[in-house]
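Peer 1: Let me begin by handing over the structure; questions about it come next.
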Amino acid sequence: MSASRSTPTNVWLWLFQRVTAVLLVVILGVHLWLANFGQSSVSLRAILGVILLGLALFHGLNGVRTVIFDFNIGAQGRKFTTMGLLLLGAVSLLFGLHGLWPLIVGG
Amino acid sequence: MTRRIARLFGRGGDLNPRNMRLGIWAWLIQRISGIALVLFVVAHVVAISQANFVLKGPLITILDGLRNPFWYVNRTFLAIDLLMLGIIAFHGMNGIRIVLFDTGIGVGLRSHKVIFWILIAAGVIASGLVIYYGLPLLGGS
């Protein structure tokens with residue numbers, strides 16, 4: 001039985017990529033709707049904004065990781081890529097939270 | 001490296017346009033549009049964040065400011081937004097096909113193509129709705 005073996009990280013990343021893909025299609029639709037007919041409450045926009053930020057950053061950067069890994073860059077290159085993308089994600093997250101701050105504090 | 005590229009694009013290569021069928025085009029465009037969207041999302045996030053510095057006040061005011069013709073007087077922004085809308089629609093709809101494929105729905109060459117074109121049609125309709133209702137707000141008309 002392989003049940004005792006833990007699921008490899010790549011499988012989790014593959015699964016999350018699919019789950020975030022579906023969520024992004026739905027939430028991006030809501031995002032575009034709110035951008036055009038936005039009469040919704042500030043708290044709803046804040047929650048959706050933070051969720052969308054996290055989903056988009058994970059899905060996008062993990063997608064870039066997949067594309068780069070397909071170029072056979074070796075173990076060292078893979079590690080460097082992962083670290084670089086994590087750093088870019090962290091910085092972008094801070095930028096995004098800064099942009100959403102007036103909503104989060106309920107402007 | 002050079003030999004690998006030559007093999008990819010050369011006669012009989014997988015990425016030689018003469019050999020490329022619908023599926024490989026979808027795969028290639030999905031990757032390229034994905035990279036473009038990451039750049040767009042980062043730019044989008046930074047732009048909203050910067051607007052936060054420039055246009056002080058609640059975010060609703062800031063978003064109204066972004067919709068202001070002052071920002072969209074430069075039609076390049078509008079062109080980029082429309083381009084991104086199309087890219088998002090393609091990436092999203094083709095992505096749904098990939099998720100369906102991975103969950104075992106619509107496997108098989110024929111249904112793959114049918115599902116692809118149905119989803120593309122849905123993407124075109126959704127983009128049309130966004131343009132129809134959204135364009136006046138973007139100052140594009």
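How things are named: the first chain in the structure tokens is A, the next is B, and so on; residues count from 1 in each chain; ligands count from 1 in the order shown.
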Tell me which protein, DNA and RNA residues are within 12 Å of Asp14 (chain B), counting only C-alpha atoms, leaving out same-chain ones fewer than 3 positions away, and put them as an NGL selection string.

Peer 2: :B and (4-11 or 17-21 or 23-25 or 27-28)

Peer 1: Could you tell me which residues of chain A sit within 10 Å of chain B when counting only C-alpha atoms, and give me the result as an NGL selection string?

Peer 2: :A and (15 or 17-19 or 21-22 or 24-26 or 28-29 or 32-33 or 35-38 or 42 or 45-46 or 53 or 56-57 or 59-61 or 63-64 or 66-67 or 88-89 or 91-107)

Peer 1: Between CA of Arg65 (chain A) and CA of Phe77 (chain B), what is the distance in Å, rounded to a tenth?

Peer 2: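 According to the coordinates, CA of Arg65 (chain A) and CA of Phe77 (chain B) are separated by 28.2 Å.
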
Peer 1: What is the distance, in Å and to one decimal place, between CA of Ile120 (chain B) and CA of Asn94 (chain B)?

Peer 2: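 Spanning CA of Ile120 (chain B) to CA of Asn94 (chain B) is a straight-line distance of 7.5 Å.
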